[in-house]
>>> print(open('structure_27.tsv').read())   # TSV, C-alpha atoms
chain	number	residue	atom	x	y	z
A	19	MET	CA	-25.91	-98.23	27.63
A	20	ASP	CA	-26.86	-95.96	24.79
A	21	TYR	CA	-27.95	-98.03	21.78
A	22	LEU	CA	-28.55	-94.97	19.64
A	23	GLN	CA	-24.84	-94.25	19.20
A	24	TYR	CA	-24.61	-97.41	17.05
A	25	LEU	CA	-27.75	-96.80	15.00
A	26	ARG	CA	-28.42	-94.88	11.82
A	27	LYS	CA	-31.20	-92.87	13.42
A	28	ASP	CA	-32.57	-91.59	10.11
A	29	LYS	CA	-33.44	-95.21	9.17
A	30	MET	CA	-35.43	-95.80	12.36
A	31	PRO	CA	-38.02	-96.99	13.27
A	32	HIS	CA	-37.09	-100.30	11.65
A	33	ILE	CA	-39.36	-102.30	9.32
A	34	TRP	CA	-39.70	-105.38	11.56
A	35	CYS	CA	-43.27	-106.19	12.60
A	36	ASP	CA	-44.62	-105.64	16.10
A	37	GLY	CA	-43.57	-108.57	18.26
A	38	CYS	CA	-40.76	-109.63	15.91
A	39	GLY	CA	-37.70	-110.80	17.82
A	40	HIS	CA	-35.12	-109.46	15.38
A	41	GLY	CA	-34.84	-106.15	17.23
A	42	ILE	CA	-34.02	-108.02	20.45
A	43	VAL	CA	-31.16	-109.85	18.73
A	44	LEU	CA	-29.82	-106.63	17.21
A	45	LYS	CA	-29.84	-105.05	20.68
A	46	SER	CA	-27.90	-108.00	22.05
A	47	ILE	CA	-25.27	-107.63	19.30
A	48	LEU	CA	-24.93	-103.92	20.08
A	49	ARG	CA	-24.61	-104.59	23.82
A	50	VAL	CA	-21.80	-107.05	23.21
A	51	ILE	CA	-19.99	-104.68	20.85
A	52	ASP	CA	-20.33	-101.94	23.47
A	53	LYS	CA	-18.99	-104.26	26.18
A	54	LEU	CA	-16.02	-105.34	24.05
A	55	GLY	CA	-15.32	-101.68	23.27
A	56	TRP	CA	-14.85	-102.26	19.55
A	57	ASP	CA	-14.45	-99.19	17.37
A	58	LYS	CA	-17.31	-98.72	14.92
A	59	ASN	CA	-14.83	-98.28	12.06
A	60	ASN	CA	-13.26	-101.68	12.71
A	61	ILE	CA	-16.49	-103.62	12.36
A	62	ALA	CA	-17.93	-104.89	9.10
A	63	MET	CA	-21.48	-106.26	9.15
A	64	ILE	CA	-22.61	-108.22	6.13
A	65	SER	CA	-25.94	-109.76	5.21
A	66	GLY	CA	-27.81	-111.41	2.37
A	67	ILE	CA	-31.53	-111.01	1.77
A	68	GLY	CA	-34.44	-111.34	4.16
A	69	CYS	CA	-35.95	-109.76	7.25
A	70	SER	CA	-32.84	-110.50	9.31
A	71	SER	CA	-30.63	-109.16	6.56
A	72	ARG	CA	-32.08	-105.69	6.99
A	73	THR	CA	-29.98	-105.44	10.17
A	74	PRO	CA	-26.87	-103.84	8.58
A	75	GLY	CA	-29.08	-101.07	7.22
A	76	TYR	CA	-29.76	-99.84	10.73
A	77	VAL	CA	-26.29	-99.97	12.25
A	78	ASP	CA	-23.57	-97.38	11.86
A	79	PHE	CA	-20.69	-99.76	11.01
A	80	ASN	CA	-19.11	-100.66	7.68
A	81	THR	CA	-22.01	-102.54	6.13
A	82	LEU	CA	-22.73	-104.62	3.06
A	83	HIS	CA	-26.16	-105.80	1.94
A	84	THR	CA	-25.48	-108.48	-0.64
A	85	THR	CA	-27.28	-111.04	-2.81
A	86	HIS	CA	-29.46	-113.81	-1.39
A	87	GLY	CA	-27.49	-116.37	0.60
A	88	ARG	CA	-24.14	-114.89	-0.42
A	89	GLY	CA	-23.37	-112.84	2.67
A	90	LEU	CA	-20.73	-115.37	3.70
A	91	THR	CA	-18.95	-115.29	0.35
A	92	PHE	CA	-18.59	-111.50	0.46
A	93	ALA	CA	-17.49	-111.79	4.10
A	94	THR	CA	-14.85	-114.39	3.20
A	95	GLY	CA	-13.34	-112.09	0.59
A	96	LEU	CA	-13.43	-109.16	2.97
A	97	LYS	CA	-11.83	-111.06	5.83
A	98	ILE	CA	-8.97	-112.25	3.60
A	99	ALA	CA	-8.38	-108.75	2.23
A	100	ARG	CA	-8.78	-106.98	5.58
A	101	PRO	CA	-7.98	-109.40	8.42
A	102	ASP	CA	-7.91	-106.49	10.89
A	103	LEU	CA	-11.70	-106.01	10.62
A	104	HIS	CA	-14.20	-107.74	12.89
A	105	VAL	CA	-16.40	-109.40	10.30
A	106	ILE	CA	-19.95	-110.21	11.41
A	107	VAL	CA	-22.50	-111.87	9.14
A	108	VAL	CA	-26.19	-111.69	9.98
A	109	SER	CA	-28.39	-114.15	8.19
A	110	GLY	CA	-31.79	-115.77	8.37
A	111	ASP	CA	-32.69	-119.44	8.32
A	112	GLY	CA	-33.67	-119.36	4.64
A	113	ASP	CA	-30.69	-117.22	3.68
A	114	ALA	CA	-28.14	-119.39	5.52
A	115	THR	CA	-29.47	-122.90	5.03
A	116	ALA	CA	-31.49	-122.88	1.81
A	117	ILE	CA	-30.14	-120.62	-0.91
A	118	GLY	CA	-26.84	-120.08	0.93
A	119	GLY	CA	-26.62	-123.57	2.38
A	120	ASN	CA	-23.48	-124.55	0.54
A	121	HIS	CA	-21.73	-121.31	1.40
A	122	PHE	CA	-22.62	-121.86	5.03
A	123	ILE	CA	-21.26	-125.39	5.34
A	124	HIS	CA	-18.13	-124.62	3.35
A	125	ALA	CA	-17.35	-121.48	5.34
A	126	ALA	CA	-17.68	-123.64	8.46
A	127	ARG	CA	-15.44	-126.32	6.94
A	128	ARG	CA	-12.85	-123.72	6.01
A	129	ASN	CA	-13.00	-122.29	9.55
A	130	ILE	CA	-12.45	-118.71	8.49
A	131	ASP	CA	-12.53	-116.18	11.34
A	132	ILE	CA	-16.07	-114.85	10.85
A	133	SER	CA	-18.94	-114.64	13.34
A	134	VAL	CA	-22.35	-115.55	12.00
A	135	ILE	CA	-25.56	-114.70	13.82
A	136	ILE	CA	-28.47	-116.66	12.38
A	137	TYR	CA	-31.95	-115.39	13.16
A	138	ASN	CA	-34.01	-118.56	12.89
A	139	ASN	CA	-37.71	-117.75	12.65
A	140	TYR	CA	-38.71	-120.97	10.81
A	141	ILE	CA	-40.09	-119.15	7.77
A	142	TYR	CA	-39.35	-116.84	4.85
A	143	GLY	CA	-40.96	-113.85	6.55
A	144	MET	CA	-40.22	-111.07	4.09
A	145	THR	CA	-41.29	-112.79	0.89
A	146	GLY	CA	-44.69	-113.98	2.07
A	147	GLY	CA	-44.30	-116.83	4.52
A	148	GLN	CA	-42.99	-119.61	2.29
A	149	VAL	CA	-41.74	-122.81	3.92
A	150	SER	CA	-38.06	-122.70	4.90
A	151	PRO	CA	-35.59	-125.53	5.61
A	152	THR	CA	-36.13	-125.05	9.36
A	153	THR	CA	-39.96	-125.01	9.36
A	154	PRO	CA	-40.88	-127.86	11.74
A	155	GLY	CA	-42.69	-130.86	10.25
A	156	GLY	CA	-46.46	-130.44	10.08
A	157	LYS	CA	-46.38	-126.64	10.49
A	158	LYS	CA	-48.18	-124.44	8.01
A	159	ALA	CA	-46.63	-121.95	5.63
A	160	SER	CA	-48.06	-120.18	2.59
A	161	THR	CA	-46.57	-122.87	0.33
A	162	THR	CA	-47.54	-125.76	2.65
A	163	PRO	CA	-51.11	-124.84	3.64
A	164	TYR	CA	-51.84	-128.39	4.86
A	165	GLY	CA	-48.66	-128.78	6.87
A	166	ASN	CA	-44.99	-129.17	6.02
A	167	PRO	CA	-44.15	-132.75	5.00
A	168	ASP	CA	-40.38	-132.27	5.37
A	169	THR	CA	-38.05	-132.81	8.31
A	170	PRO	CA	-36.39	-129.55	9.38
A	171	PHE	CA	-32.69	-128.74	9.47
A	172	ASP	CA	-31.04	-128.35	12.86
A	173	ILE	CA	-28.77	-125.40	12.07
A	174	SER	CA	-26.55	-125.80	15.13
A	175	ARG	CA	-25.91	-129.48	14.50
A	176	LEU	CA	-25.33	-128.75	10.81
A	177	ALA	CA	-22.65	-126.18	11.69
A	178	GLN	CA	-21.17	-128.58	14.22
A	179	ALA	CA	-20.92	-131.37	11.65
A	180	ALA	CA	-19.44	-129.00	9.07
A	181	GLY	CA	-16.58	-128.13	11.42
A	182	ALA	CA	-17.31	-124.72	12.96
A	183	ALA	CA	-15.12	-123.71	15.91
A	184	TYR	CA	-17.98	-122.33	18.01
A	185	VAL	CA	-21.69	-123.13	17.81
A	186	ALA	CA	-24.38	-122.04	20.27
A	187	ARG	CA	-28.13	-121.65	20.24
A	188	SER	CA	-30.31	-119.33	22.27
A	189	THR	CA	-33.86	-118.03	22.10
A	190	ALA	CA	-34.66	-114.35	21.64
A	191	PHE	CA	-36.30	-114.30	25.09
A	192	HIS	CA	-33.20	-115.44	26.99
A	193	VAL	CA	-31.26	-112.21	26.56
A	194	GLY	CA	-28.59	-113.01	29.16
A	195	LYS	CA	-27.69	-116.28	27.48
A	196	MET	CA	-27.79	-114.66	24.07
A	197	ASP	CA	-25.38	-111.92	25.21
A	198	ARG	CA	-22.99	-114.51	26.59
A	199	TYR	CA	-23.03	-116.66	23.45
A	200	ILE	CA	-22.64	-113.71	21.09
A	201	GLU	CA	-19.72	-112.42	23.14
A	202	GLN	CA	-18.02	-115.82	23.04
A	203	ALA	CA	-18.63	-116.03	19.28
A	204	PHE	CA	-17.23	-112.55	18.65
A	205	THR	CA	-14.07	-113.23	20.63
A	206	LYS	CA	-13.50	-116.69	19.14
A	207	THR	CA	-10.85	-117.12	16.45
A	208	GLY	CA	-12.42	-119.28	13.77
A	209	PHE	CA	-15.87	-119.76	12.34
A	210	SER	CA	-18.42	-119.09	15.07
A	211	VAL	CA	-22.16	-119.51	14.75
A	212	VAL	CA	-24.89	-118.32	17.11
A	213	GLU	CA	-28.36	-119.47	16.16
A	214	VAL	CA	-31.09	-117.37	17.76
A	215	LEU	CA	-34.68	-118.61	17.64
A	216	THR	CA	-36.85	-115.55	17.10
A	217	PRO	CA	-40.61	-115.29	16.83
A	218	CYS	CA	-42.20	-114.36	13.51
A	219	PRO	CA	-45.76	-113.45	14.51
A	220	THR	CA	-46.88	-112.21	11.08
A	221	SER	CA	-45.88	-115.04	8.77
A	222	TYR	CA	-45.43	-118.01	11.10
A	223	GLY	CA	-47.35	-117.38	14.32
A	224	ARG	CA	-50.52	-116.24	12.62
A	225	ARG	CA	-50.70	-119.28	10.29
A	226	ASN	CA	-49.90	-121.77	13.04
A	227	LYS	CA	-52.17	-120.23	15.69
A	228	GLU	CA	-49.25	-119.45	17.96
A	229	GLY	CA	-50.48	-115.96	18.74
A	230	ARG	CA	-48.66	-112.65	18.77
A	231	GLY	CA	-44.98	-112.00	19.37
A	232	VAL	CA	-45.63	-111.78	23.11
A	233	ASP	CA	-47.25	-115.23	23.17
A	234	MET	CA	-44.43	-116.74	21.13
A	235	LEU	CA	-41.84	-115.26	23.50
A	236	MET	CA	-43.82	-116.61	26.45
A	237	TYR	CA	-43.73	-120.05	24.80
A	238	GLN	CA	-39.94	-119.71	24.46
A	239	LYS	CA	-39.69	-118.75	28.12
A	240	GLN	CA	-41.65	-121.82	29.24
A	241	ASN	CA	-40.35	-124.40	26.76
A	242	SER	CA	-36.59	-123.90	26.61
A	243	ILE	CA	-34.32	-126.60	27.88
A	244	GLY	CA	-30.55	-126.55	28.32
A	245	ILE	CA	-28.42	-128.93	26.27
A	246	GLU	CA	-27.22	-130.61	29.48
A	247	GLN	CA	-30.76	-131.21	30.77
A	248	ALA	CA	-31.83	-132.49	27.36
A	249	LYS	CA	-29.28	-135.31	27.49
A	250	GLY	CA	-30.89	-138.66	28.22
A	251	LYS	CA	-34.39	-137.44	27.45
A	252	THR	CA	-36.41	-139.19	24.79
A	253	ALA	CA	-37.54	-137.55	21.55
A	254	GLU	CA	-41.10	-137.69	22.87
A	255	GLU	CA	-40.18	-135.68	25.98
A	256	LEU	CA	-38.31	-133.11	23.90
A	257	LYS	CA	-41.14	-132.56	21.43
A	258	GLY	CA	-41.93	-128.87	21.10
A	259	LYS	CA	-38.98	-127.90	23.33
A	260	TYR	CA	-36.18	-125.58	22.32
A	261	ILE	CA	-32.77	-127.02	23.12
A	262	THR	CA	-30.36	-124.17	23.87
A	263	GLY	CA	-26.73	-124.05	24.88
A	264	VAL	CA	-23.18	-124.25	23.56
A	265	PHE	CA	-22.87	-127.11	21.07
A	266	VAL	CA	-19.20	-126.71	20.15
A	267	ASP	CA	-16.35	-124.66	21.55
A	268	LYS	CA	-13.00	-125.91	20.27
A	269	GLU	CA	-9.62	-124.53	19.34
A	270	GLN	CA	-8.44	-125.21	15.81
A	271	ALA	CA	-6.26	-123.40	13.28
A	272	ASP	CA	-8.29	-120.90	11.30
A	273	TYR	CA	-8.10	-120.34	7.56
A	274	ARG	CA	-5.67	-117.45	7.76
A	275	GLN	CA	-3.11	-119.39	9.82
A	276	ARG	CA	-3.30	-122.32	7.43
A	277	TYR	CA	-3.08	-120.05	4.39
A	278	ASP	CA	-0.03	-118.27	5.83
A	279	GLU	CA	1.69	-121.65	6.05
A	280	VAL	CA	0.91	-122.29	2.39
A	281	ILE	CA	2.40	-118.90	1.48
A	282	LYS	CA	5.55	-119.68	3.49
A	283	LYS	CA	5.91	-123.07	1.81
A	284	ALA	CA	5.34	-121.65	-1.67
A	285	SER	CA	7.79	-118.77	-1.24
A	286	LYS	CA	10.50	-121.22	-0.06
A	287	LEU	CA	9.99	-123.47	-3.09
A	288	ASN	CA	10.09	-120.57	-5.55
A	289	LYS	CA	13.38	-119.11	-4.36
B	26	MET	CA	-35.74	-90.91	49.71
B	27	LYS	CA	-35.27	-93.90	47.44
B	28	LYS	CA	-34.28	-92.93	43.97
B	29	ASN	CA	-36.09	-94.71	41.17
B	30	ALA	CA	-34.97	-95.58	37.71
B	31	GLU	CA	-36.34	-93.28	35.07
B	32	ILE	CA	-38.25	-94.94	32.22
B	33	THR	CA	-38.93	-93.20	28.95
B	34	ILE	CA	-40.94	-94.55	26.03
B	35	ASN	CA	-40.34	-93.24	22.55
B	36	GLU	CA	-43.87	-93.35	21.16
B	37	GLN	CA	-42.61	-92.55	17.67
B	38	TRP	CA	-40.78	-95.88	17.54
B	39	CYS	CA	-43.11	-98.05	19.69
B	40	LYS	CA	-45.17	-100.62	17.75
B	41	SER	CA	-47.43	-101.65	20.67
B	42	CYS	CA	-46.20	-105.24	20.79
B	43	GLU	CA	-46.88	-105.35	24.58
B	44	ILE	CA	-43.69	-107.29	25.35
B	45	CYS	CA	-42.77	-104.84	28.13
B	46	VAL	CA	-46.27	-105.14	29.64
B	47	ALA	CA	-46.14	-108.95	29.63
B	48	PHE	CA	-42.61	-109.53	30.88
B	49	CYS	CA	-41.96	-106.79	33.48
B	50	PRO	CA	-41.50	-108.80	36.72
B	51	GLN	CA	-42.81	-105.87	38.79
B	52	LYS	CA	-45.81	-105.08	36.55
B	53	VAL	CA	-44.69	-101.49	36.07
B	54	TYR	CA	-46.48	-101.18	32.74
B	55	GLU	CA	-50.09	-101.39	31.66
B	56	MET	CA	-51.33	-101.17	28.12
B	57	GLY	CA	-52.90	-97.88	27.16
B	58	ARG	CA	-54.99	-97.11	24.09
B	59	PHE	CA	-51.99	-97.25	21.75
B	60	TYR	CA	-48.83	-97.31	23.83
B	61	PRO	CA	-47.82	-98.86	27.15
B	62	LYS	CA	-48.30	-96.62	30.17
B	63	ILE	CA	-45.86	-96.49	33.07
B	64	VAL	CA	-48.33	-96.91	35.93
B	65	ARG	CA	-46.09	-98.05	38.81
B	66	PRO	CA	-42.69	-96.39	38.28
B	67	GLU	CA	-41.94	-96.62	42.03
B	68	ASP	CA	-41.90	-100.45	41.77
B	69	CYS	CA	-39.17	-100.50	39.12
B	70	THR	CA	-36.03	-102.31	40.27
B	71	ALA	CA	-34.02	-101.37	37.16
B	72	CYS	CA	-33.60	-105.01	36.10
B	73	MET	CA	-33.46	-103.66	32.52
B	74	LEU	CA	-35.48	-106.58	31.14
B	75	CYS	CA	-37.96	-104.28	29.36
B	76	GLU	CA	-35.15	-102.31	27.78
B	77	LYS	CA	-33.38	-105.47	26.61
B	78	LEU	CA	-36.58	-107.08	25.32
B	79	CYS	CA	-38.02	-104.02	23.56
B	80	PRO	CA	-37.43	-104.89	19.88
B	81	ASP	CA	-38.07	-101.34	18.72
B	82	PHE	CA	-35.47	-99.44	20.74
B	83	ALA	CA	-38.39	-97.51	22.25
B	84	ILE	CA	-37.73	-98.02	25.99
B	85	THR	CA	-34.85	-96.38	27.83
B	86	VAL	CA	-34.27	-97.06	31.52
B	87	THR	CA	-31.90	-94.66	33.23
B	88	VAL	CA	-30.51	-95.71	36.59
B	89	PRO	CA	-29.80	-92.75	38.94
B	90	ASP	CA	-26.53	-94.23	40.30
B	91	LYS	CA	-25.03	-94.30	36.87
B	92	ILE	CA	-26.02	-90.71	36.24
B	93	GLU	CA	-24.31	-89.60	39.45
B	94	LYS	CA	-21.17	-91.53	38.57
B	95	SER	CA	-20.93	-90.03	35.12
B	96	GLN	CA	-21.31	-86.46	36.42
>>> encode(input="structure_27.tsv", output="structure tokens")
Amino acid sequence: MDYLQYLRKDKMPHIWCDGCGHGIVLKSILRVIDKLGWDKNNIAMISGIGCSSRTPGYVDFNTLHTTHGRGLTFATGLKIARPDLHVIVVSGDGDATAIGGNHFIHAARRNIDISVIIYNNYIYGMTGGQVSPTTPGGKKASTTPYGNPDTPFDISRLAQAAGAAYVARSTAFHVGKMDRYIEQAFTKTGFSVVEVLTPCPTSYGRRNKEGRGVDMLMYQKQNSIGIEQAKGKTAEELKGKYITGVFVDKEQADYRQRYDEVIKKASKLNK
Amino acid sequence: MKKNAEITINEQWCKSCEICVAFCPQKVYEMGRFYPKIVRPEDCTACMLCEKLCPDFAITVTVPDKIEKSQ
């Protein structure tokens, strides 16, 4: 397929570092959109702030680059005003679970028909490698030079607990899986989350001696484990492994259906 | 004669991350001074892994069958 038809070619090459996985995720999104045959004018891509949130700048859809962590709030307003649009939010781990953490869980609770792709690279890459809510315990960041004392968030399980209709996790290396999950998320009615683990060689890999982007992708290739295989294994066996797979896939009434019922009820009462 | 897939590398966009060199199952690429070199194009099976994994939109793999179909 021709990726260039979806790109703003004057903005290329993109700003992501060599070996960064964000470009791989963007390609996957474009492949799925191409496969689904969506019209460019019917897609709205929204982001907050961060490396991942540069994505809408490169694609030739209706795009919004908003304030930090607030991509989902703008998307909620847009989806209610224009339900005919395919609303996609791209967000990073810091954007979605730190500064936009509340927006994320409440959008999931509300189950509004938005697809969120979260690029989880375990760090605030753009702002200088500060520790993020998903930085694994003991790993170094510019603000935790002796190791992170905190326990990390599990974004997929967070979304699952908050009530999202579809939650899946893939690594940037497993492009086939990623394509499948993103397609399922895009076609799902309700709040759908795909968490993609992507390597950040500059801010994370370099500080934690994990090598270049290639080495980090190789690690992903060798240390990924499916959610089914991970069942019954101890925490010790799963240490350092990436658990991938579909966490939730359920049918439930989305926000618009429930809101339509409220409108019906209210208009009956006010007659 | 067997028709091979055609690989092009956009050197203007390539950032020399070497992902294509490391992950090509047929070892079609080798790293040059700055950019990957296509050293064994006849071994390419058009699995498209390099194109899908290239984060910089620099690699394009064209499969001859598809060209014939579109013409």
>>> closest_atom_pairs(input="structure_27.tsv", of="chain B", to="chain A", cutoff="8 Å", atoms="all atoms listed in the file", output="tab-separated table")
residue	atom	partner	partner_atom	distance
B:Gln37	CA	A:Pro31	CA	7.8
B:Trp38	CA	A:Pro31	CA	5.2
B:Lys40	CA	A:Asp36	CA	5.3
B:Ser41	CA	A:Asp36	CA	6.7
B:Cys42	CA	A:Gly37	CA	4.9
B:Glu43	CA	A:Val232	CA	6.7
B:Ile44	CA	A:Val232	CA	5.4
B:Ala47	CA	A:Val232	CA	7.1
B:Lys77	CA	A:Ile42	CA	6.7
B:Leu78	CA	A:Ile42	CA	5.6
B:Cys79	CA	A:Ile42	CA	6.5
B:Pro80	CA	A:Gly41	CA	3.9
B:Asp81	CA	A:Gly41	CA	6.0
B:Phe82	CA	A:Gly41	CA	7.6
>>> residues_around(input="structure_27.tsv", residues="range 214-216 of chain A", least_positions_apart="2", cutoff="6 Å", atoms="only C-alpha atoms", output="PDB file with C-alpha atoms, in the coordinates of the input")
ATOM      1  CA  GLY A  39     -37.700-110.800  17.820  1.00  0.00           C
ATOM      2  CA  TYR A 137     -31.950-115.390  13.160  1.00  0.00           C
ATOM      3  CA  ASN A 138     -34.010-118.560  12.890  1.00  0.00           C
ATOM      4  CA  ASN A 139     -37.710-117.750  12.650  1.00  0.00           C
ATOM      5  CA  ARG A 187     -28.130-121.650  20.240  1.00  0.00           C
ATOM      6  CA  SER A 188     -30.310-119.330  22.270  1.00  0.00           C
ATOM      7  CA  THR A 189     -33.860-118.030  22.100  1.00  0.00           C
ATOM      8  CA  ALA A 190     -34.660-114.350  21.640  1.00  0.00           C
TER       9      ALA A 190
END
>>> residues_around(input="structure_27.tsv", residues="Tyr222 in chain A", least_positions_apart="4", cutoff="9 Å", atoms="all atoms listed in the file", output="number ranges by chain")
A: 139-143, 147, 157-159, 217-218, 226-228
>>> atom_distance(input="structure_27.tsv", atom1="CA of Thr70 in chain B", atom2="CA of Leu54 in chain A")
25.9 Å
>>> residues_around(input="structure_27.tsv", residues="Ala126 in chain A", least_positions_apart="3", cutoff="6 Å", atoms="only C-alpha atoms", output="PDB file with C-alpha atoms, in the coordinates of the input")
ATOM      1  CA  ILE A 123     -21.260-125.390   5.340  1.00  0.00           C
ATOM      2  CA  ASN A 129     -13.000-122.290   9.550  1.00  0.00           C
ATOM      3  CA  ALA A 180     -19.440-129.000   9.070  1.00  0.00           C
ATOM      4  CA  GLY A 181     -16.580-128.130  11.420  1.00  0.00           C
ATOM      5  CA  ALA A 182     -17.310-124.720  12.960  1.00  0.00           C
ATOM      6  CA  PHE A 209     -15.870-119.760  12.340  1.00  0.00           C
TER       7      PHE A 209
END
>>> build_atoms(input="structure_27.tsv", residues="range 229-249 of chain A", atoms="N, CA and C atoms", output="PDB file, in the frame of the given file")
ATOM      1  N   GLY A 229     -50.239-117.246  18.102  1.00  0.00           N
ATOM      2  CA  GLY A 229     -50.480-115.960  18.740  1.00  0.00           C
ATOM      3  C   GLY A 229     -49.542-114.866  18.291  1.00  0.00           C
ATOM      4  N   ARG A 230     -49.486-113.811  19.095  1.00  0.00           N
ATOM      5  CA  ARG A 230     -48.660-112.650  18.770  1.00  0.00           C
ATOM      6  C   ARG A 230     -47.213-112.891  19.229  1.00  0.00           C
ATOM      7  N   GLY A 231     -46.382-111.903  18.969  1.00  0.00           N
ATOM      8  CA  GLY A 231     -44.980-112.000  19.370  1.00  0.00           C
ATOM      9  C   GLY A 231     -44.825-112.263  20.859  1.00  0.00           C
ATOM     10  N   VAL A 232     -45.679-111.606  21.658  1.00  0.00           N
ATOM     11  CA  VAL A 232     -45.630-111.780  23.110  1.00  0.00           C
ATOM     12  C   VAL A 232     -45.881-113.242  23.483  1.00  0.00           C
ATOM     13  N   ASP A 233     -46.906-113.843  22.855  1.00  0.00           N
ATOM     14  CA  ASP A 233     -47.250-115.230  23.170  1.00  0.00           C
ATOM     15  C   ASP A 233     -46.129-116.172  22.753  1.00  0.00           C
ATOM     16  N   MET A 234     -45.513-115.871  21.609  1.00  0.00           N
ATOM     17  CA  MET A 234     -44.430-116.740  21.130  1.00  0.00           C
ATOM     18  C   MET A 234     -43.205-116.628  22.026  1.00  0.00           C
ATOM     19  N   LEU A 235     -42.950-115.421  22.553  1.00  0.00           N
ATOM     20  CA  LEU A 235     -41.840-115.260  23.500  1.00  0.00           C
ATOM     21  C   LEU A 235     -42.143-115.971  24.807  1.00  0.00           C
ATOM     22  N   MET A 236     -43.408-115.927  25.219  1.00  0.00           N
ATOM     23  CA  MET A 236     -43.820-116.610  26.450  1.00  0.00           C
ATOM     24  C   MET A 236     -43.623-118.116  26.293  1.00  0.00           C
ATOM     25  N   TYR A 237     -43.942-118.623  25.083  1.00  0.00           N
ATOM     26  CA  TYR A 237     -43.730-120.050  24.800  1.00  0.00           C
ATOM     27  C   TYR A 237     -42.240-120.396  24.914  1.00  0.00           C
ATOM     28  N   GLN A 238     -41.399-119.499  24.377  1.00  0.00           N
ATOM     29  CA  GLN A 238     -39.940-119.710  24.460  1.00  0.00           C
ATOM     30  C   GLN A 238     -39.491-119.750  25.907  1.00  0.00           C
ATOM     31  N   LYS A 239     -40.067-118.837  26.713  1.00  0.00           N
ATOM     32  CA  LYS A 239     -39.690-118.750  28.120  1.00  0.00           C
ATOM     33  C   LYS A 239     -40.021-120.068  28.838  1.00  0.00           C
ATOM     34  N   GLN A 240     -41.185-120.633  28.514  1.00  0.00           N
ATOM     35  CA  GLN A 240     -41.650-121.820  29.240  1.00  0.00           C
ATOM     36  C   GLN A 240     -41.142-123.140  28.658  1.00  0.00           C
ATOM     37  N   ASN A 241     -40.685-123.132  27.413  1.00  0.00           N
ATOM     38  CA  ASN A 241     -40.350-124.400  26.760  1.00  0.00           C
ATOM     39  C   ASN A 241     -38.905-124.514  26.308  1.00  0.00           C
ATOM     40  N   SER A 242     -38.001-123.766  26.953  1.00  0.00           N
ATOM     41  CA  SER A 242     -36.590-123.900  26.610  1.00  0.00           C
ATOM     42  C   SER A 242     -35.941-124.870  27.564  1.00  0.00           C
ATOM     43  N   ILE A 243     -34.999-125.618  27.034  1.00  0.00           N
ATOM     44  CA  ILE A 243     -34.320-126.600  27.880  1.00  0.00           C
ATOM     45  C   ILE A 243     -32.840-126.571  27.526  1.00  0.00           C
ATOM     46  N   GLY A 244     -31.999-126.585  28.534  1.00  0.00           N
ATOM     47  CA  GLY A 244     -30.550-126.550  28.320  1.00  0.00           C
ATOM     48  C   GLY A 244     -30.057-127.835  27.690  1.00  0.00           C
ATOM     49  N   ILE A 245     -28.952-127.757  26.983  1.00  0.00           N
ATOM     50  CA  ILE A 245     -28.420-128.930  26.270  1.00  0.00           C
ATOM     51  C   ILE A 245     -28.029-130.030  27.261  1.00  0.00           C
ATOM     52  N   GLU A 246     -27.600-129.621  28.472  1.00  0.00           N
ATOM     53  CA  GLU A 246     -27.220-130.610  29.480  1.00  0.00           C
ATOM     54  C   GLU A 246     -28.445-131.355  30.017  1.00  0.00           C
ATOM     55  N   GLN A 247     -29.526-130.592  30.262  1.00  0.00           N
ATOM     56  CA  GLN A 247     -30.760-131.210  30.770  1.00  0.00           C
ATOM     57  C   GLN A 247     -31.404-132.103  29.701  1.00  0.00           C
ATOM     58  N   ALA A 248     -31.181-131.743  28.436  1.00  0.00           N
ATOM     59  CA  ALA A 248     -31.830-132.490  27.360  1.00  0.00           C
ATOM     60  C   ALA A 248     -31.190-133.867  27.149  1.00  0.00           C
ATOM     61  N   LYS A 249     -29.972-134.033  27.657  1.00  0.00           N
ATOM     62  CA  LYS A 249     -29.280-135.310  27.490  1.00  0.00           C
ATOM     63  C   LYS A 249     -30.032-136.418  28.226  1.00  0.00           C
TER      64      LYS A 249
END
